[in-house]
$ cat model.cif   # mmCIF, C-alpha atoms
data_start
loop_
_atom_site.group_PDB
_atom_site.id
_atom_site.type_symbol
_atom_site.label_atom_id
_atom_site.label_comp_id
_atom_site.auth_asym_id
_atom_site.auth_seq_id
_atom_site.Cartn_x
_atom_site.Cartn_y
_atom_site.Cartn_z
ATOM 1 C CA MET M 241 161.496 14.027 -7.737
ATOM 2 C CA PRO M 242 164.037 14.542 -4.927
ATOM 3 C CA ARG M 243 166.034 17.738 -5.294
ATOM 4 C CA ASN M 244 169.429 15.993 -5.337
ATOM 5 C CA ILE M 245 168.338 13.944 -8.374
ATOM 6 C CA LEU M 246 166.995 17.057 -10.127
ATOM 7 C CA TYR M 247 170.254 18.936 -9.470
ATOM 8 C CA SER M 248 172.257 15.955 -10.758
ATOM 9 C CA LEU M 249 170.160 15.865 -13.928
ATOM 10 C CA LEU M 250 170.595 19.613 -14.484
ATOM 11 C CA LEU M 251 174.348 19.310 -13.948
ATOM 12 C CA LEU M 252 174.483 16.435 -16.425
ATOM 13 C CA LEU M 253 172.374 18.358 -18.930
ATOM 14 C CA PHE M 254 174.632 21.410 -18.901
ATOM 15 C CA SER M 255 177.962 19.578 -18.669
ATOM 16 C CA CYS M 256 177.602 17.130 -21.587
ATOM 17 C CA ASP M 257 178.589 18.930 -24.788
ATOM 18 C CA CYS M 258 177.832 16.171 -27.248
ATOM 19 C CA ILE M 259 174.517 14.974 -25.815
ATOM 20 C CA ALA M 260 173.285 18.020 -23.927
ATOM 21 C CA GLU M 261 171.050 19.160 -26.761
ATOM 22 C CA VAL M 262 169.249 15.825 -26.875
ATOM 23 C CA CYS M 263 169.108 15.161 -23.133
ATOM 24 C CA VAL M 264 165.599 15.628 -21.811
ATOM 25 C CA ILE M 265 164.613 16.150 -18.209
ATOM 26 C CA ILE M 266 161.206 16.543 -16.657
ATOM 27 C CA VAL M 267 160.709 19.583 -14.414
ATOM 28 C CA TYR M 268 157.256 20.408 -13.038
ATOM 29 C CA GLY M 269 155.628 18.274 -15.731
ATOM 30 C CA TYR M 270 157.549 19.915 -18.623
ATOM 31 C CA PHE M 271 160.009 18.086 -20.856
ATOM 32 C CA LEU M 272 162.965 20.456 -20.980
ATOM 33 C CA THR M 273 166.098 20.384 -23.082
ATOM 34 C CA LYS M 274 169.116 22.623 -22.716
ATOM 35 C CA HIS M 275 167.797 24.521 -25.738
ATOM 36 C CA ASP M 276 164.457 25.177 -23.965
ATOM 37 C CA LEU M 277 166.151 26.496 -20.845
ATOM 38 C CA ILE M 278 168.491 28.802 -22.744
ATOM 39 C CA HIS M 279 166.104 30.257 -25.323
ATOM 40 C CA THR M 280 163.308 32.777 -24.925
ATOM 41 C CA LYS M 281 160.502 30.301 -24.225
ATOM 42 C CA PHE M 282 161.275 30.550 -20.503
ATOM 43 C CA LYS M 283 162.977 33.964 -20.362
ATOM 44 C CA VAL M 284 160.593 36.380 -18.685
ATOM 45 C CA ALA M 285 162.069 39.241 -16.657
ATOM 46 C CA PHE M 286 161.620 42.994 -16.477
ATOM 47 C CA GLY M 287 162.881 45.906 -14.424
ATOM 48 C CA ALA M 288 161.850 49.548 -14.703
ATOM 49 C CA THR M 289 161.833 52.833 -12.775
ATOM 50 C CA LEU M 290 159.590 55.900 -12.867
ATOM 51 C CA GLY M 291 162.306 58.368 -13.822
ATOM 52 C CA SER M 292 162.760 62.073 -13.201
ATOM 53 C CA THR M 293 159.166 62.918 -12.346
ATOM 54 C CA GLY M 294 159.582 65.063 -9.221
ATOM 55 C CA ASN M 295 156.394 64.953 -7.124
ATOM 56 C CA PHE M 296 153.696 62.773 -8.646
ATOM 57 C CA GLY M 297 150.227 62.959 -7.127
ATOM 58 C CA PRO M 298 147.903 63.295 -5.407
ATOM 59 C CA PHE M 299 144.949 62.306 -7.548
ATOM 60 C CA ASN M 300 141.243 61.929 -6.760
ATOM 61 C CA SER M 301 141.274 58.269 -7.807
ATOM 62 C CA PRO M 302 143.932 55.539 -8.029
ATOM 63 C CA VAL M 303 146.442 55.847 -10.907
ATOM 64 C CA THR M 304 148.453 53.030 -12.491
ATOM 65 C CA LEU M 305 152.096 54.091 -12.407
ATOM 66 C CA VAL M 306 153.991 54.395 -15.682
ATOM 67 C CA TYR M 307 157.562 53.121 -15.309
ATOM 68 C CA ASN M 308 159.290 54.653 -18.336
ATOM 69 C CA ASN M 309 162.926 53.707 -17.693
ATOM 70 C CA VAL M 310 162.979 50.051 -18.717
ATOM 71 C CA TYR M 311 166.300 48.377 -17.949
ATOM 72 C CA VAL M 312 165.406 44.837 -18.955
ATOM 73 C CA ASN M 313 162.344 43.360 -20.634
ATOM 74 C CA GLU M 314 163.181 39.775 -21.605
ATOM 75 C CA GLY M 315 160.160 38.166 -23.188
ATOM 76 C CA SER M 316 158.485 41.581 -23.756
ATOM 77 C CA ALA M 317 155.821 40.822 -21.115
ATOM 78 C CA TYR M 318 156.044 44.329 -19.626
ATOM 79 C CA ASN M 319 154.446 47.022 -21.792
ATOM 80 C CA PRO M 320 155.537 50.584 -20.954
ATOM 81 C CA ASN M 321 154.046 52.045 -24.144
ATOM 82 C CA THR M 322 150.330 51.771 -23.422
ATOM 83 C CA GLY M 323 150.174 54.609 -20.906
ATOM 84 C CA VAL M 324 148.996 51.930 -18.499
ATOM 85 C CA CYS M 325 152.166 50.019 -17.706
ATOM 86 C CA ILE M 326 151.151 46.442 -17.169
ATOM 87 C CA PHE M 327 152.989 43.139 -16.977
ATOM 88 C CA THR M 328 151.057 40.398 -18.810
ATOM 89 C CA ALA M 329 152.027 36.801 -18.026
ATOM 90 C CA PRO M 330 153.070 35.054 -21.261
ATOM 91 C CA VAL M 331 152.877 31.569 -19.670
ATOM 92 C CA LYS M 332 151.242 29.990 -16.650
ATOM 93 C CA GLY M 333 153.797 29.946 -13.849
ATOM 94 C CA ALA M 334 155.134 31.112 -10.531
ATOM 95 C CA TYR M 335 156.392 34.714 -10.732
ATOM 96 C CA PHE M 336 158.247 37.028 -8.354
ATOM 97 C CA PHE M 337 157.488 40.767 -8.166
ATOM 98 C CA SER M 338 159.021 43.607 -6.199
ATOM 99 C CA PHE M 339 158.200 47.311 -6.115
ATOM 100 C CA SER M 340 159.378 50.330 -4.176
ATOM 101 C CA GLY M 341 158.085 53.774 -3.346
ATOM 102 C CA HIS M 342 159.805 56.973 -2.283
ATOM 103 C CA ASN M 343 158.444 60.309 -1.083
ATOM 104 C CA CYS M 344 158.774 63.138 1.397
ATOM 105 C CA SER M 345 157.372 61.804 4.670
ATOM 106 C CA SER M 346 155.291 64.949 5.141
ATOM 107 C CA LYS M 347 152.969 63.315 2.573
ATOM 108 C CA VAL M 348 151.213 59.942 2.521
ATOM 109 C CA LEU M 349 152.697 57.208 0.342
ATOM 110 C CA ASN M 350 150.353 54.345 -0.540
ATOM 111 C CA LEU M 351 151.142 51.994 -3.432
ATOM 112 C CA GLY M 352 149.512 48.673 -4.205
ATOM 113 C CA LEU M 353 150.565 45.769 -6.406
ATOM 114 C CA PHE M 354 147.521 44.457 -8.265
ATOM 115 C CA LYS M 355 146.777 41.205 -10.083
ATOM 116 C CA ASN M 356 143.793 41.432 -12.446
ATOM 117 C CA GLY M 357 142.279 44.304 -10.431
ATOM 118 C CA GLU M 358 142.759 42.679 -7.017
ATOM 119 C CA GLN M 359 145.254 44.193 -4.579
ATOM 120 C CA MET M 360 147.915 41.670 -3.533
ATOM 121 C CA VAL M 361 150.309 43.695 -1.303
ATOM 122 C CA ILE M 362 150.946 47.353 -0.444
ATOM 123 C CA VAL M 363 153.621 49.751 0.702
ATOM 124 C CA PHE M 364 152.540 52.592 2.962
ATOM 125 C CA ASN M 365 153.990 55.329 5.127
ATOM 126 C CA HIS M 366 152.313 57.826 7.439
ATOM 127 C CA PRO M 367 153.251 61.511 7.254
ATOM 128 C CA LEU M 368 155.749 61.816 10.107
ATOM 129 C CA GLY M 369 158.016 64.711 9.268
ATOM 130 C CA ASP M 370 159.853 66.480 6.523
ATOM 131 C CA HIS M 371 162.441 63.991 5.292
ATOM 132 C CA TYR M 372 162.538 61.502 2.429
ATOM 133 C CA GLU M 373 161.722 57.857 2.988
ATOM 134 C CA SER M 374 161.650 54.737 0.839
ATOM 135 C CA THR M 375 159.701 51.530 1.292
ATOM 136 C CA ALA M 376 159.417 48.296 -0.662
ATOM 137 C CA ASN M 377 157.523 45.031 -0.806
ATOM 138 C CA SER M 378 157.702 41.800 -2.799
ATOM 139 C CA VAL M 379 155.571 38.774 -3.431
ATOM 140 C CA SER M 380 155.527 35.514 -5.375
ATOM 141 C CA LEU M 381 152.326 34.874 -7.314
ATOM 142 C CA THR M 382 150.897 32.049 -9.369
ATOM 143 C CA LEU M 383 149.741 33.546 -12.670
ATOM 144 C CA GLU M 384 147.724 32.123 -15.514
ATOM 145 C CA LYS M 385 148.694 33.037 -19.067
ATOM 146 C CA GLY M 386 147.251 36.522 -19.706
ATOM 147 C CA ASP M 387 147.042 37.586 -16.036
ATOM 148 C CA ARG M 388 147.976 41.231 -15.561
ATOM 149 C CA VAL M 389 150.120 42.731 -12.778
ATOM 150 C CA TYR M 390 150.700 46.442 -12.156
ATOM 151 C CA VAL M 391 151.345 49.055 -9.463
ATOM 152 C CA ARG M 392 148.790 51.705 -8.522
ATOM 153 C CA LEU M 393 149.232 54.939 -6.627
ATOM 154 C CA ARG M 394 146.259 55.210 -4.279
ATOM 155 C CA GLU M 395 144.110 58.360 -4.188
ATOM 156 C CA THR M 396 145.444 61.277 -2.094
ATOM 157 C CA SER M 397 148.900 59.672 -2.135
ATOM 158 C CA TRP M 398 152.246 60.904 -3.538
ATOM 159 C CA VAL M 399 155.539 59.547 -4.822
ATOM 160 C CA PHE M 400 158.723 61.442 -5.591
ATOM 161 C CA ASP M 401 161.407 60.456 -8.070
ATOM 162 C CA ASN M 402 164.455 62.026 -9.685
ATOM 163 C CA TYR M 403 167.666 61.016 -11.452
ATOM 164 C CA SER M 404 168.350 58.523 -8.617
ATOM 165 C CA HIS M 405 165.403 56.335 -9.714
ATOM 166 C CA HIS M 406 163.942 55.595 -6.252
ATOM 167 C CA ASN M 407 160.693 53.998 -7.495
ATOM 168 C CA SER M 408 161.020 50.625 -9.205
ATOM 169 C CA PHE M 409 158.900 47.728 -10.415
ATOM 170 C CA VAL M 410 160.552 44.394 -11.241
ATOM 171 C CA GLY M 411 159.396 40.875 -11.902
ATOM 172 C CA HIS M 412 160.447 37.566 -13.365
ATOM 173 C CA LEU M 413 159.234 34.054 -14.018
ATOM 174 C CA LEU M 414 160.489 31.636 -11.374
ATOM 175 C CA PHE M 415 159.301 28.537 -13.247
ATOM 176 C CA PRO M 416 156.464 27.518 -15.581
ATOM 177 C CA LEU M 417 153.548 25.451 -14.268
#
$ encode --input "model.cif" --output "structure tokens"
Amino acid sequence: MPRNILYSLLLLLFSCDCIAEVCVIIVYGYFLTKHDLIHTKFKVAFGATLGSTGNFGPFNSPVTLVYNNVYVNEGSAYNPNTGVCIFTAPVKGAYFFSFSGHNCSSKVLNLGLFKNGEQMVIVFNHPLGDHYESTANSVSLTLEKGDRVYVRLRETSWVFDNYSHHNSFVGHLLFPL
């Protein structure tokens, strides 16, 4: 469907008060009403930070980071309470993820974003001095329902966080498939 027609249909759907609830459009093979788009069926978004941890690491093996300060968790797909903070896809779809790392550059920083145990992207810095540095990366992924996404601190690597919340992990559903 050409984009201009899709945009026109969405505009019609959200501008018609009396018929908007019964208008149906087809997007990516789904029949969607205004009710579907507004209610939790398609609301999946989370954002969290590590918190006031100070130096964290190094460890002898990779460690899944626990982001305790949860700012938003629409759809409850991110679980900070397991001790292994993992996002679990509630529906098949295209998702966007971003994560950041912060440390003193006298130490190695190496974080990876993983999907079902497979590394997707990393952030990395070499020890180059004695000042603080931040780095970030993002990626869009196609996930099946039940796929798991998380951030791991690689062995012999460090992160630093404090009240400024330098280390974050965020994600949201772009659209269902």
$ atom_distance --input "model.cif" --atom1 "atom CA of M:Ser378" --atom2 "atom CA of M:Asn313"
18.5 Å
$ atom_distance --input "model.cif" --atom1 "atom CA of M:Ser345" --atom2 "atom CA of M:Val379"
24.5 Å
$ resolve_selection --input "model.cif" --expression "the PyMOL selection byres ((chain M and resi 297) around 7)" --output "PyMOL selection string"
chain M and resi 295-296+298-299+397-399
$ resolve_selection --input "model.cif" --expression "the PyMOL selection byres ((chain M and resi 336) around 7)" --output "list in words"
Tyr335, Phe337, Ser338, Val379, Ser380, Leu381, Gly411, His412, Leu413 and Leu414 of chain M
$ write_last_selection --input "model.cif" --atoms "C-alpha atoms" --output "compact mmCIF listing (two decimals), in the frame of the given file"
# COMPACT_ATOMS: atom_id res chain seq x y z
CA TYR M 335 156.39 34.71 -10.73
CA PHE M 337 157.49 40.77 -8.17
CA SER M 338 159.02 43.61 -6.20
CA VAL M 379 155.57 38.77 -3.43
CA SER M 380 155.53 35.51 -5.38
CA LEU M 381 152.33 34.87 -7.31
CA GLY M 411 159.40 40.88 -11.90
CA HIS M 412 160.45 37.57 -13.36
CA LEU M 413 159.23 34.05 -14.02
CA LEU M 414 160.49 31.64 -11.37
$ resolve_selection --input "model.cif" --expression "the PyMOL selection byres ((chain M and resi 329) around 10)" --output "PyMOL selection string"
chain M and resi 284+315-318+326-328+330-335+382-389+412-413
$ atom_distance --input "model.cif" --atom1 "atom CA of M:Phe282" --atom2 "atom CA of M:Leu417"
11.2 Å
$ residues_near_point --input "model.cif" --point "(161.0, 58.6, -10.4)" --cutoff "6 Å" --atoms "all atoms listed in the file" --output "ChimeraX atom specification"
/M:290-293,401-402,405-407
$ closest_residue --input "model.cif" --among "M:Arg394, M:Lys283, M:His342, M:His371" --to "M:Asn300" --atoms "all atoms listed in the file"
M:Arg394
$ closest_residue --input "model.cif" --among "M:Pro320, M:Cys325, M:Cys344, M:Asn309" --to "M:Gly369" --atoms "only C-alpha atoms"
M:Cys344
$ residues_around --input "model.cif" --residues "M:Ala376" --least-positions-apart "4" --cutoff "8 Å" --atoms "only C-alpha atoms" --output "list in words"
Ser338, Phe339, Ser340, Gly341 and Val363 of chain M
$ closest_residue --input "model.cif" --among "M:Phe400, M:Ala288, M:Val303, M:Tyr311" --to "M:Ser346" --atoms "only C-alpha atoms"
M:Phe400
$ residues_around --input "model.cif" --residues "M:Leu353" --least-positions-apart "6" --cutoff "7 Å" --atoms "all atoms listed in the file" --output "ChimeraX atom specification"
/M:359-362,390-392
$ residues_around --input "model.cif" --residues "M:Phe364" --least-positions-apart "3" --cutoff "9 Å" --atoms "only C-alpha atoms" --output "list in words"
Gly341, Val348, Leu349, Asn350, Leu351, Gly352, Thr375 and Ala376 of chain M
$ closest_residue --input "model.cif" --among "M:Thr396, M:Asn356, M:Ser301, M:Asn308" --to "M:Phe409" --atoms "only C-alpha atoms"
M:Asn308
$ axis_aligned_box --input "model.cif" --around "stretch 285-291 of chain M" --padding-each-side "8 Å" --output "lines of an AutoDock Vina configuration file"
center_x = 161.2
center_y = 48.8
center_z = -14.7
size_x = 19.3
size_y = 35.1
size_z = 19.9
